[in-house]
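The structure file query-v1.cif is reproduced below (mmCIF, C-alpha atoms and all ligand atoms).
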```
data_model
loop_
_atom_site.label_atom_id
_atom_site.label_comp_id
_atom_site.auth_asym_id
_atom_site.auth_seq_id
_atom_site.Cartn_x
_atom_site.Cartn_y
_atom_site.Cartn_z
CA MET G 1 0.00 0.00 0.00
CA THR G 2 2.52 2.58 -1.10
CA GLU G 3 2.49 5.81 -3.03
CA THR G 4 4.30 6.13 -6.34
CA ALA G 5 5.99 9.43 -6.97
CA SER G 6 4.44 10.42 -10.29
CA ARG G 7 1.58 8.24 -11.45
CA PHE G 8 -1.40 7.38 -9.30
CA GLN G 9 -1.56 3.74 -8.45
CA ARG G 10 -4.79 2.43 -7.03
CA ILE G 11 -4.41 0.38 -3.86
CA ALA G 12 -4.94 -3.26 -4.81
CA ASP G 13 -8.06 -5.00 -3.52
CA ALA G 14 -5.80 -7.89 -2.45
CA ASP G 15 -4.10 -5.58 0.05
CA LEU G 16 -7.47 -4.89 1.65
CA ALA G 17 -8.86 -8.42 1.51
CA TRP G 18 -8.26 -8.93 5.25
CA LEU G 19 -11.09 -6.46 5.90
CA GLY G 20 -13.58 -8.73 4.10
CA SER G 21 -15.85 -7.87 1.24
CA ALA G 22 -19.29 -9.03 2.36
CA PRO G 23 -22.31 -6.71 2.36
CA VAL G 24 -22.76 -4.85 5.65
CA PRO G 25 -26.06 -4.97 7.60
CA ALA G 26 -27.93 -1.71 7.04
CA ARG G 27 -29.58 -1.75 10.46
CA ALA G 28 -26.28 -0.92 12.11
CA TYR G 29 -26.94 2.57 10.74
CA TYR G 30 -30.47 3.14 12.06
CA ASP G 31 -31.56 0.56 14.62
CA PRO G 32 -32.01 1.97 18.18
CA ALA G 33 -31.09 -1.41 19.76
CA TYR G 34 -27.81 -1.48 17.83
CA PHE G 35 -27.18 2.13 18.78
CA GLU G 36 -27.71 1.35 22.47
CA CYS G 37 -25.02 -1.37 22.25
CA GLU G 38 -22.69 1.08 20.49
CA ARG G 39 -23.25 3.62 23.21
CA GLU G 40 -22.29 1.14 25.91
CA ALA G 41 -19.64 -0.91 24.13
CA VAL G 42 -17.96 1.77 22.04
CA PHE G 43 -18.53 5.27 23.36
CA LEU G 44 -18.52 4.53 27.09
CA ARG G 45 -15.31 2.48 26.73
CA SER G 46 -13.22 4.45 24.25
CA TRP G 47 -11.09 7.58 24.59
CA ILE G 48 -13.31 10.39 23.33
CA HIS G 49 -11.92 13.71 22.15
CA VAL G 50 -13.35 16.66 24.12
CA GLY G 51 -11.10 19.66 23.57
CA HIS G 52 -7.62 21.12 23.23
CA VAL G 53 -5.14 22.32 25.85
CA CYS G 54 -5.14 25.82 24.31
CA GLU G 55 -8.70 26.25 25.57
CA LEU G 56 -7.47 26.02 29.14
CA PRO G 57 -4.56 28.45 29.21
CA GLU G 58 -4.37 29.22 32.94
CA PRO G 59 -5.27 27.79 36.34
CA GLY G 60 -9.04 28.02 36.76
CA SER G 61 -9.76 27.92 33.00
CA PHE G 62 -12.71 25.62 32.42
CA LEU G 63 -14.93 24.17 29.70
CA ARG G 64 -18.36 22.66 29.98
CA CYS G 65 -18.66 19.68 27.69
CA ASP G 66 -22.02 17.99 27.22
CA LEU G 67 -21.82 14.47 25.84
CA GLU G 68 -25.22 13.16 24.85
CA PHE G 69 -24.03 9.56 24.42
CA ALA G 70 -23.06 9.46 28.11
CA ARG G 71 -26.06 11.57 29.16
CA ALA G 72 -23.38 13.60 30.90
CA SER G 73 -22.22 17.15 31.28
CA LEU G 74 -18.53 17.39 32.11
CA LEU G 75 -16.60 20.21 33.69
CA ILE G 76 -13.04 20.25 32.38
CA VAL G 77 -10.78 22.41 34.52
CA ARG G 78 -7.13 23.37 34.71
CA GLY G 79 -6.35 23.18 38.42
CA ARG G 80 -4.16 25.52 40.45
CA ASP G 81 -1.48 22.85 40.12
CA GLY G 82 -1.63 23.22 36.32
CA ARG G 83 -3.17 19.79 35.80
CA ILE G 84 -6.27 19.40 33.63
CA ARG G 85 -9.03 17.22 35.07
CA ALA G 86 -12.56 16.27 34.06
CA PHE G 87 -15.44 16.08 36.52
CA HIS G 88 -19.10 15.40 36.24
CA ASN G 89 -20.72 18.83 36.25
CA VAL G 90 -22.96 17.71 39.10
CA CYS G 91 -23.09 19.06 42.65
CA THR G 92 -22.57 16.28 45.17
CA HIS G 93 -25.19 17.71 47.56
CA ARG G 94 -28.31 16.94 45.54
CA GLY G 95 -27.21 16.73 41.97
CA THR G 96 -27.73 20.24 40.61
CA ARG G 97 -25.78 21.07 37.48
CA LEU G 98 -22.92 23.16 38.79
CA VAL G 99 -21.89 25.30 35.81
CA GLU G 100 -24.04 26.64 32.99
CA GLU G 101 -21.45 28.72 31.09
CA ALA G 102 -19.73 27.05 28.14
CA SER G 103 -16.28 28.21 29.29
CA GLY G 104 -14.54 30.72 31.52
CA CYS G 105 -12.04 31.07 34.35
CA ARG G 106 -12.80 30.70 38.06
CA SER G 107 -10.93 29.89 41.24
CA ARG G 108 -13.86 27.92 42.62
CA PHE G 109 -17.27 26.61 41.59
CA SER G 110 -20.30 27.35 43.77
CA CYS G 111 -23.56 25.52 43.34
CA PRO G 112 -26.36 28.09 43.07
CA TYR G 113 -28.84 25.97 45.05
CA HIS G 114 -27.29 25.77 48.58
CA ARG G 115 -23.79 27.11 47.88
CA TRP G 116 -21.68 24.01 48.21
CA THR G 117 -18.37 25.24 46.80
CA PHE G 118 -15.73 23.17 45.01
CA GLY G 119 -12.10 23.91 44.13
CA THR G 120 -10.42 23.55 40.75
CA ASP G 121 -9.28 20.08 41.86
CA GLY G 122 -12.90 19.05 42.48
CA ALA G 123 -12.58 18.99 46.29
CA LEU G 124 -15.45 20.31 48.39
CA ILE G 125 -14.07 23.49 49.98
CA SER G 126 -17.06 24.71 51.94
CA ALA G 127 -20.75 24.09 52.45
CA PRO G 128 -23.14 26.11 54.64
CA ASP G 129 -24.04 24.35 57.94
CA PHE G 130 -22.01 21.37 56.79
CA GLU G 131 -21.80 19.82 60.29
CA ALA G 132 -25.52 19.04 60.03
CA PHE G 133 -24.78 16.45 57.33
CA HIS G 134 -22.42 14.34 59.48
CA LEU G 135 -20.32 13.76 56.36
CA ASP G 136 -16.64 13.95 55.62
CA LYS G 137 -15.77 16.65 53.07
CA GLN G 138 -13.34 14.25 51.44
CA ASP G 139 -16.27 12.05 50.44
CA CYS G 140 -18.04 14.94 48.73
CA ALA G 141 -15.60 15.80 45.93
CA LEU G 142 -16.93 16.13 42.39
CA PRO G 143 -16.99 12.73 40.66
CA GLN G 144 -13.99 12.54 38.34
CA VAL G 145 -13.78 11.11 34.82
CA ARG G 146 -10.44 9.99 33.39
CA LEU G 147 -8.85 12.63 31.17
CA GLN G 148 -5.56 12.30 29.28
CA GLU G 149 -3.79 14.39 26.65
CA CYS G 150 -1.80 13.64 23.52
CA GLY G 151 -0.58 16.14 20.92
CA GLY G 152 -2.53 18.91 22.61
CA LEU G 153 -5.82 17.04 22.27
CA LEU G 154 -7.81 16.15 25.36
CA PHE G 155 -9.63 12.84 25.62
CA VAL G 156 -11.91 11.41 28.31
CA ASN G 157 -12.81 7.82 29.04
CA PHE G 158 -15.80 6.72 31.13
CA ASP G 159 -14.33 3.26 31.61
CA PRO G 160 -12.13 3.14 34.71
CA ASP G 161 -10.47 -0.05 33.43
CA ALA G 162 -9.58 1.21 29.95
CA ALA G 163 -5.93 1.10 28.87
CA PRO G 164 -4.13 4.50 29.01
CA LEU G 165 -4.60 6.86 26.06
CA ARG G 166 -1.12 6.35 24.58
CA GLU G 167 -1.59 2.62 24.54
CA TRP G 168 -4.98 3.14 22.88
CA LEU G 169 -3.46 5.37 20.18
CA GLY G 170 -0.51 3.04 19.51
CA SER G 171 1.96 4.36 16.96
CA TYR G 172 -0.53 7.06 15.97
CA ALA G 173 0.32 8.90 19.19
CA GLU G 174 3.67 9.93 17.70
CA ARG G 175 2.10 10.90 14.41
CA LEU G 176 -0.41 13.03 16.26
CA GLU G 177 2.38 14.77 18.14
CA GLN G 178 4.00 15.79 14.84
CA MET G 179 0.86 17.39 13.45
CA PRO G 180 0.19 21.16 13.55
CA VAL G 181 -2.57 20.64 16.11
CA ALA G 182 0.03 19.64 18.69
CA ARG G 183 1.46 23.17 18.60
CA ALA G 184 -1.82 25.05 18.21
CA THR G 185 -2.57 28.02 20.40
CA THR G 186 -5.90 29.01 18.88
CA PHE G 187 -8.64 27.73 16.58
CA SER G 188 -11.90 28.64 14.91
CA GLN G 189 -14.80 26.25 14.73
CA TYR G 190 -18.37 25.56 13.81
CA SER G 191 -20.71 22.92 15.14
CA TYR G 192 -23.82 21.42 13.64
CA GLU G 193 -26.56 18.90 14.24
CA ILE G 194 -27.50 16.44 11.55
CA ALA G 195 -30.39 14.02 11.10
CA ALA G 196 -28.08 11.05 10.52
CA ASN G 197 -26.39 8.19 12.31
CA TRP G 198 -22.87 9.02 13.53
CA LYS G 199 -21.21 6.37 11.33
CA LEU G 200 -22.95 7.58 8.21
CA THR G 201 -21.91 11.13 9.07
CA TYR G 202 -18.34 10.09 9.79
CA ASP G 203 -18.04 7.79 6.77
CA ASN G 204 -18.69 10.71 4.43
CA PHE G 205 -15.25 11.96 5.45
CA GLN G 206 -13.69 8.53 5.04
CA GLU G 207 -14.26 7.94 1.35
CA ASN G 208 -13.47 9.93 -1.77
CA TYR G 209 -15.77 7.95 -4.06
CA HIS G 210 -18.36 10.76 -3.87
CA LEU G 211 -16.02 13.70 -4.54
CA ARG G 212 -16.50 14.08 -8.25
CA PHE G 213 -20.30 13.87 -7.98
CA ILE G 214 -20.99 16.01 -4.91
CA HIS G 215 -18.04 18.40 -5.08
CA PRO G 216 -17.30 19.03 -8.77
CA ARG G 217 -16.91 22.76 -8.04
CA SER G 218 -15.25 22.82 -4.62
CA GLY G 219 -13.29 19.57 -4.71
CA GLY G 220 -11.22 20.31 -7.80
CA ALA G 221 -7.92 20.11 -5.95
CA GLY G 222 -8.47 16.49 -4.98
CA ILE G 223 -9.58 14.87 -8.25
CA GLY G 224 -8.33 14.73 -11.81
CA GLY G 225 -5.70 13.30 -14.14
CA ASP G 226 -5.16 9.60 -13.69
CA ASN G 227 -7.15 9.63 -10.44
CA PRO G 228 -10.60 10.83 -11.48
CA PHE G 229 -12.17 9.79 -8.18
CA GLY G 230 -9.43 11.32 -6.04
CA TYR G 231 -8.82 8.00 -4.31
CA PRO G 232 -6.22 7.98 -1.53
CA ALA G 233 -2.58 7.34 -2.32
CA GLN G 234 -2.14 5.18 0.74
CA MET G 235 -4.13 3.62 3.57
CA ASP G 236 -2.94 2.39 6.87
CA PHE G 237 -4.54 0.67 9.84
CA GLU G 238 -3.49 0.62 13.48
CA GLY G 239 -5.76 -1.31 15.85
CA PRO G 240 -9.16 0.39 15.68
CA HIS G 241 -7.69 3.52 14.04
CA ARG G 242 -6.91 4.18 10.39
CA THR G 243 -5.38 6.73 8.08
CA GLN G 244 -5.33 7.69 4.46
CA ARG G 245 -2.80 9.77 2.61
CA ILE G 246 -4.45 12.31 0.36
CA TRP G 247 -3.39 12.00 -3.25
CA SER G 248 -1.68 15.14 -4.55
CA ASN G 249 -3.09 16.25 -7.86
CA PRO G 250 -0.06 17.52 -9.84
CA GLU G 251 -2.30 20.01 -11.63
CA PRO G 252 -4.95 21.02 -9.13
CA ALA G 253 -7.93 22.89 -10.55
CA LEU G 254 -7.81 25.66 -7.94
CA LEU G 255 -9.93 28.73 -8.46
CA PRO G 256 -7.87 31.96 -8.43
CA PHE G 257 -9.28 33.12 -5.09
CA GLN G 258 -8.59 29.69 -3.53
CA ARG G 259 -4.96 29.97 -4.54
CA ALA G 260 -4.76 33.60 -3.36
CA ALA G 261 -6.23 32.74 0.04
CA ALA G 262 -3.83 29.84 0.59
CA LEU G 263 -0.81 31.94 -0.41
CA ARG G 264 -1.63 34.63 2.14
CA GLY G 265 -1.23 32.19 4.99
CA ILE G 266 1.94 30.52 3.74
CA PRO G 267 4.63 32.97 4.99
CA ALA G 268 3.55 32.54 8.61
CA LEU G 269 3.33 28.75 8.23
CA ALA G 270 6.82 28.66 6.72
CA GLU G 271 8.25 30.69 9.60
CA GLN G 272 6.59 28.36 12.07
CA GLY G 273 8.18 25.37 10.37
CA LEU G 274 4.78 23.91 9.56
CA LEU G 275 5.32 23.36 5.83
CA GLY G 276 6.64 20.13 4.33
CA ARG G 277 6.23 18.08 7.49
CA PRO G 278 5.95 14.29 7.26
CA HIS G 279 2.22 14.05 7.81
CA ASP G 280 0.90 17.04 5.93
CA ARG G 281 -1.11 14.88 3.52
CA ASP G 282 -2.31 12.49 6.18
CA TYR G 283 -5.76 12.10 7.44
CA LEU G 284 -5.89 10.32 10.78
CA ALA G 285 -9.16 8.69 11.81
CA PHE G 286 -9.08 7.93 15.52
CA PHE G 287 -11.60 5.40 16.71
CA PRO G 288 -14.40 6.00 17.20
CA ASN G 289 -15.30 9.53 16.13
CA LEU G 290 -12.38 11.94 15.55
CA PHE G 291 -10.68 12.93 12.29
CA LEU G 292 -7.58 15.01 12.11
CA ILE G 293 -5.81 16.26 9.05
CA GLY G 294 -2.24 17.53 8.91
CA THR G 295 -2.49 19.86 5.88
CA PRO G 296 -0.74 23.01 7.15
CA THR G 297 -3.03 25.44 5.31
CA GLN G 298 -6.08 23.62 6.63
CA PRO G 299 -5.23 21.63 9.77
CA PHE G 300 -8.68 20.66 10.86
CA SER G 301 -10.35 18.22 13.19
CA HIS G 302 -13.86 16.88 12.87
CA THR G 303 -15.56 15.09 15.72
CA VAL G 304 -18.94 13.40 15.35
CA TYR G 305 -20.82 12.83 18.60
CA PRO G 306 -23.80 10.48 18.48
CA ILE G 307 -27.09 11.71 19.91
CA SER G 308 -29.39 8.86 18.88
CA ALA G 309 -29.51 6.17 16.20
CA ASP G 310 -30.39 8.78 13.59
CA ARG G 311 -29.09 12.05 14.99
CA SER G 312 -25.54 13.37 15.55
CA ARG G 313 -23.65 16.51 16.47
CA GLY G 314 -20.45 17.49 14.73
CA VAL G 315 -17.68 19.91 15.63
CA VAL G 316 -15.23 21.13 12.99
CA ARG G 317 -12.17 23.12 14.05
CA VAL G 318 -9.20 24.61 12.24
CA TYR G 319 -6.19 24.96 14.51
CA TRP G 320 -3.54 27.68 14.26
CA VAL G 321 -0.29 28.65 15.94
CA GLY G 322 -0.25 32.27 17.19
CA GLU G 323 -2.71 35.07 16.58
CA ASP G 324 -3.45 36.62 13.18
CA ARG G 325 -0.63 38.93 12.14
CA ASN G 326 -2.53 41.18 9.76
CA ALA G 327 -5.70 41.33 7.70
CA SER G 328 -4.20 39.22 4.93
CA HIS G 329 -3.25 36.48 7.36
CA ARG G 330 -6.67 36.66 8.95
CA PHE G 331 -8.26 36.28 5.52
CA ALA G 332 -6.27 33.09 4.85
CA ARG G 333 -7.44 31.60 8.13
CA GLU G 334 -11.06 32.62 7.74
CA TYR G 335 -11.11 31.31 4.21
CA SER G 336 -9.72 27.99 5.34
CA LEU G 337 -12.68 27.36 7.65
CA ALA G 338 -15.15 28.83 5.15
CA GLN G 339 -13.91 26.45 2.46
CA ILE G 340 -14.33 23.42 4.71
CA ARG G 341 -17.83 24.57 5.56
CA ASP G 342 -18.64 25.20 1.92
CA ILE G 343 -17.63 21.67 0.96
CA HIS G 344 -19.34 20.22 4.00
CA CYS G 345 -22.62 21.97 3.13
CA GLU G 346 -22.61 20.03 -0.12
CA ASP G 347 -22.34 16.79 1.88
CA ILE G 348 -24.91 17.37 4.60
CA ALA G 349 -28.07 17.12 2.52
CA MET G 350 -26.78 13.91 0.93
CA ILE G 351 -25.95 12.34 4.29
CA GLU G 352 -29.44 13.13 5.61
CA ARG G 353 -30.93 11.76 2.43
CA GLY G 354 -28.94 8.57 3.00
CA GLN G 355 -30.29 8.33 6.54
CA SER G 356 -33.87 8.74 5.45
CA GLY G 357 -33.44 5.90 2.96
CA LEU G 358 -31.73 3.63 5.48
CA SER G 359 -34.23 4.35 8.26
CA SER G 360 -37.08 3.21 6.01
CA GLY G 361 -35.74 -0.32 6.45
CA ALA G 362 -36.12 -0.92 2.71
CA ILE G 363 -32.65 -2.40 2.25
CA ARG G 364 -31.04 -5.07 4.41
CA HIS G 365 -27.46 -4.45 3.39
CA ILE G 366 -25.16 -1.70 2.22
CA HIS G 367 -21.97 -2.18 0.20
CA PHE G 368 -18.41 -0.91 0.46
CA GLN G 369 -15.89 -1.26 -2.36
CA GLY G 370 -12.13 -1.37 -1.78
CA MET G 371 -11.75 2.40 -1.89
CA GLU G 372 -14.34 2.63 0.88
CA ALA G 373 -12.16 0.42 3.06
CA LEU G 374 -11.92 2.97 5.84
CA CYS G 375 -15.72 2.86 6.21
CA ARG G 376 -15.63 -0.92 6.32
CA HIS G 377 -12.86 -0.86 8.89
CA LEU G 378 -14.93 1.42 11.14
CA PHE G 379 -17.94 -0.88 10.80
CA ASN G 380 -15.80 -3.97 11.55
CA GLU G 381 -14.34 -2.37 14.67
CA VAL G 382 -17.72 -1.19 15.91
CA ASP G 383 -19.51 -4.42 15.11
CA ALA G 384 -16.95 -6.61 16.88
CA ARG G 385 -17.54 -4.61 20.06
CA VAL G 386 -21.32 -4.49 19.63
CA GLN G 387 -21.64 -8.25 19.03
CA ALA G 388 -19.42 -9.10 22.02
CA HIS G 389 -21.44 -6.74 24.20
CA ALA G 390 -24.74 -8.18 23.01
CA GLN G 391 -23.52 -11.67 23.85
CA GLN G 392 -22.43 -10.61 27.32
CA THR G 393 -25.58 -8.69 28.17
CA GLY G 394 -28.13 -10.76 26.25
CA ALA G 395 -29.16 -7.70 24.23
CA VAL G 396 -31.24 -8.73 21.23
CA LEU G 397 -29.95 -7.37 17.93
S1 LIG G 401 -27.71 20.88 45.21
FE1 LIG G 401 -25.82 21.91 45.09
S2 LIG G 401 -25.67 22.87 47.00
FE2 LIG G 401 -27.51 21.83 47.12
FE FE G 402 -17.82 15.32 0.73
#
```

For this file, write the structure as structure tokens.
Amino acid sequence: MTETASRFQRIADADLAWLGSAPVPARAYYDPAYFECEREAVFLRSWIHVGHVCELPEPGSFLRCDLEFARASLLIVRGRDGRIRAFHNVCTHRGTRLVEEASGCRSRFSCPYHRWTFGTDGALISAPDFEAFHLDKQDCALPQVRLQECGGLLFVNFDPDAAPLREWLGSYAERLEQMPVARATTFSQYSYEIAANWKLTYDNFQENYHLRFIHPRSGGAGIGGDNPFGYPAQMDFEGPHRTQRIWSNPEPALLPFQRAAALRGIPALAEQGLLGRPHDRDYLAFFPNLFLIGTPTQPFSHTVYPISADRSRGVVRVYWVGEDRNASHRFAREYSLAQIRDIHCEDIAMIERGQSGLSSGAIRHIHFQGMEALCRHLFNEVDARVQAHAQQTGAVL
């Protein structure tokens, strides 16, 4: 599965045969019972991306992070000791949600109901008339959720027995640390809700088969010549994770303003040493729901959080090092996010259309060809966990 320097060479089906080639059950993409198993066996046991260290620059910086799949609201805080921790955003007196703001900076967190007050390390500092409870303050700390960091990205895991994050990421941990996101100090983002299963939403970013049909205008840079579908130059698999190397079109059909926008950001990227790095054409897909791309002019992440069997929430971010230097630089950055959004808008209606067809139950199977191998790999990884969980719990699928 290697890239040739000049001519595009399609990855041979034989190299992907280990993933199988059978049709895939369609109900995995709409059935609430299947989704419930995914929630328990995948999302409550995997390391889930929740933010970036640059969002928590100083002691007391916090984020509120609501994760529908866990039915949880988390409070992610940088403590006075500099360490970042995640807590359930739930007062230990009688369960009131502690913080409503999306983010901010505080030295302590007071529950509005009866003023139990917690420190940035989650410890209960004070509570009015506390002696009347006959409790030990040490037993009243905010419940903690495991949080670990790699390459600037923060991940949580609801499973106390899960292997550490670096073990989970395998060799991709080092790749992640070499990507622009690892040095980012700021970002811009948009989030969206979509009437589609999380895998269907995610898979749209895992295959290029649709590019020439859905993105003939915006996707010109990624298709053409001897690679009319813009298929990846390389694929790679590491445990439950996977990557593809974007094929470089030697004669990209960039519109003049696309080229102009990219050029305005390049001097700063060159000074920061972010051009020509080893993974700048790589697209890392971290199981289960995070994508990250190393392209220096467009280093973006996309995380798809499941809400229900047929509804998801996505967050797209472009990460940058340092503040904008001038209007021209700002334009390059703004354009970068706008372009992603522009392309993504072309996808969204099609993904929802796919969901409405699948949810009708009219077809029993869907099909992946070799160049949709990343989608198949995701399904295989999910399904292995779902089937094992169903066997353990007696869930009927
Ligand atoms: S519920 Fe928080 S102080 Fe009472
Ligand atoms: Fe697309």

Can I get the residues close to ligand LIG 401 (chain G) as an mmCIF file with C-alpha atoms, in the frame of the given file, where close means within 10 Å and we count all atoms listed in the file?
```
data_model
loop_
_atom_site.group_PDB
_atom_site.id
_atom_site.type_symbol
_atom_site.label_atom_id
_atom_site.label_comp_id
_atom_site.auth_asym_id
_atom_site.auth_seq_id
_atom_site.Cartn_x
_atom_site.Cartn_y
_atom_site.Cartn_z
ATOM 1 C CA VAL G 90 -22.960 17.710 39.100
ATOM 2 C CA CYS G 91 -23.090 19.060 42.650
ATOM 3 C CA THR G 92 -22.570 16.280 45.170
ATOM 4 C CA HIS G 93 -25.190 17.710 47.560
ATOM 5 C CA ARG G 94 -28.310 16.940 45.540
ATOM 6 C CA GLY G 95 -27.210 16.730 41.970
ATOM 7 C CA THR G 96 -27.730 20.240 40.610
ATOM 8 C CA ARG G 97 -25.780 21.070 37.480
ATOM 9 C CA LEU G 98 -22.920 23.160 38.790
ATOM 10 C CA SER G 110 -20.300 27.350 43.770
ATOM 11 C CA CYS G 111 -23.560 25.520 43.340
ATOM 12 C CA PRO G 112 -26.360 28.090 43.070
ATOM 13 C CA TYR G 113 -28.840 25.970 45.050
ATOM 14 C CA HIS G 114 -27.290 25.770 48.580
ATOM 15 C CA ARG G 115 -23.790 27.110 47.880
ATOM 16 C CA TRP G 116 -21.680 24.010 48.210
ATOM 17 C CA THR G 117 -18.370 25.240 46.800
ATOM 18 C CA ALA G 127 -20.750 24.090 52.450
ATOM 19 C CA PRO G 128 -23.140 26.110 54.640
#
```

The residues within 10 Å of (-12.7, -3.4, 2.1), using all atoms listed in the file and the coordinates of the file, should be reported as a PyMOL selection string; which are they? chain G and resi 13-22+367-377+380

Nearby residues, ligand FE 402 (chain G), 7 Å, all atoms listed in the file, as an NGL selection string: :G and (204-205 or 210-211 or 214-215 or 343-344 or 346-347)

With the cut-off set at 9 Å and counting all atoms listed in the file, tabulate each residue of segment 54-163 of chain G with an atom at most that distance from an atom of segment 177-193 of chain G, showing the nearest atom pair and its distance in Å to one decimal, ordered by chain and increasing number, as JSON lines.
```
{"residue": "G:Cys54", "atom": "CA", "partner": "G:Thr185", "partner_atom": "CA", "distance": 5.2}
{"residue": "G:Glu55", "atom": "CA", "partner": "G:Thr186", "partner_atom": "CA", "distance": 7.8}
{"residue": "G:Cys150", "atom": "CA", "partner": "G:Glu177", "partner_atom": "CA", "distance": 6.9}
{"residue": "G:Gly151", "atom": "CA", "partner": "G:Ala182", "partner_atom": "CA", "distance": 4.2}
{"residue": "G:Gly152", "atom": "CA", "partner": "G:Ala182", "partner_atom": "CA", "distance": 4.7}
{"residue": "G:Leu153", "atom": "CA", "partner": "G:Ala182", "partner_atom": "CA", "distance": 7.3}
```

Rounded to one decimal, what separation in Å do you get between atom CA of Arg281 of chain G and atom CA of Asn249 of chain G?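 Interatomic distance here is 11.6 Å.
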
Identify the residues around (-24.2, -2.6, 21.8) within a radius of 6 Å, measuring from only C-alpha atoms in the coordinates stated by the file, and give them as a PyMOL selection string. chain G and resi 34+36-38+40-41+386+389-390

Can you write out the residues you just picked, keeping C-alpha atoms, as an mmCIF file, in the coordinates of the input?
```cif
data_model
loop_
_atom_site.group_PDB
_atom_site.id
_atom_site.type_symbol
_atom_site.label_atom_id
_atom_site.label_comp_id
_atom_site.auth_asym_id
_atom_site.auth_seq_id
_atom_site.Cartn_x
_atom_site.Cartn_y
_atom_site.Cartn_z
ATOM 1 C CA TYR G 34 -27.810 -1.480 17.830
ATOM 2 C CA GLU G 36 -27.710 1.350 22.470
ATOM 3 C CA CYS G 37 -25.020 -1.370 22.250
ATOM 4 C CA GLU G 38 -22.690 1.080 20.490
ATOM 5 C CA GLU G 40 -22.290 1.140 25.910
ATOM 6 C CA ALA G 41 -19.640 -0.910 24.130
ATOM 7 C CA VAL G 386 -21.320 -4.490 19.630
ATOM 8 C CA HIS G 389 -21.440 -6.740 24.200
ATOM 9 C CA ALA G 390 -24.740 -8.180 23.010
#
```

Calculated over only C-alpha atoms, which of the candidates G:Ser218, G:Gln9, G:Ser248, G:Ser171 has the smallest distance to Cys345 of chain G?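 Of G:Ser218, G:Gln9, G:Ser248, G:Ser171, the one nearest Cys345 of chain G, counting only C-alpha atoms, is G:Ser218.
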
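Taking atom CA of Asp280 of chain G as the reference point, atom CA of Met350 of chain G is found at 28.3 Å.
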
Just the number, please: distance in Å from atom CA of Ala72 of chain G to atom CA of Val304 of chain G, one decimal.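 Between atom CA of Ala72 of chain G and atom CA of Val304 of chain G the gap works out to 16.2 Å.
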
Set the distance at 7 Å and use all atoms listed in the file: which residues neighbour Ala86 of chain G once local chain neighbours fewer than 4 positions away are removed? I'd like the list as a PyMOL selection string. chain G and resi 74-77+144-147

Using only C-alpha atoms, which of G:Gln234, G:Asn157, G:Ser336, G:Thr201 sits nearest Arg259 of chain G?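 Ranked by minimum distance to Arg259 of chain G, first place goes to G:Ser336.
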
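Minimum distance to Ala285 of chain G across G:Leu124, G:Ala163, G:Cys65, G:Leu176 (counting only C-alpha atoms) occurs at G:Leu176.
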
Distance query segment 269-278 of chain G at most 9 Å, only C-alpha atoms, self and fewer than 4 positions along chain excluded, as a ChimeraX atom specification: /G:175,178-180,265,282,294-297,321

Counting all atoms listed in the file, what is within 9 Å of Phe287 of chain G, bar same-chain residues fewer than 4 positions away, as an MDAnalysis selection string? chainID G and resid 46:48 169 239:242 291 378 381

Of the candidates G:Trp168, G:Phe87, G:Phe109, G:Phe213, which one gets nearest to Glu149 of chain G if we count only C-alpha atoms?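 Nearest candidate to Glu149 of chain G out of G:Trp168, G:Phe87, G:Phe109, G:Phe213: G:Trp168.
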
The centre and edge lengths of an axis-aligned box containing all atoms of segment 258-265 of chain G present in the file, extended by 8 Å on each side, are to be given in Å to one decimal, as lines of an AutoDock Vina configuration file.
```
center_x = -4.7
center_y = 32.2
center_z = 0.2
size_x = 23.8
size_y = 20.9
size_z = 25.5
```

Please identify all polymer residues within 10 Å of Ala349 of chain G, counting all atoms listed in the file, omitting same-chain residues fewer than 5 positions from it, and present them as a PyMOL selection string. chain G and resi 194-195+344+354-355

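If you measure from each of G:Asp236, G:Asp66, G:Cys140, G:Gly225 to Ile11 of chain G using all atoms listed in the file, the closest one turns out to be G:Asp236.
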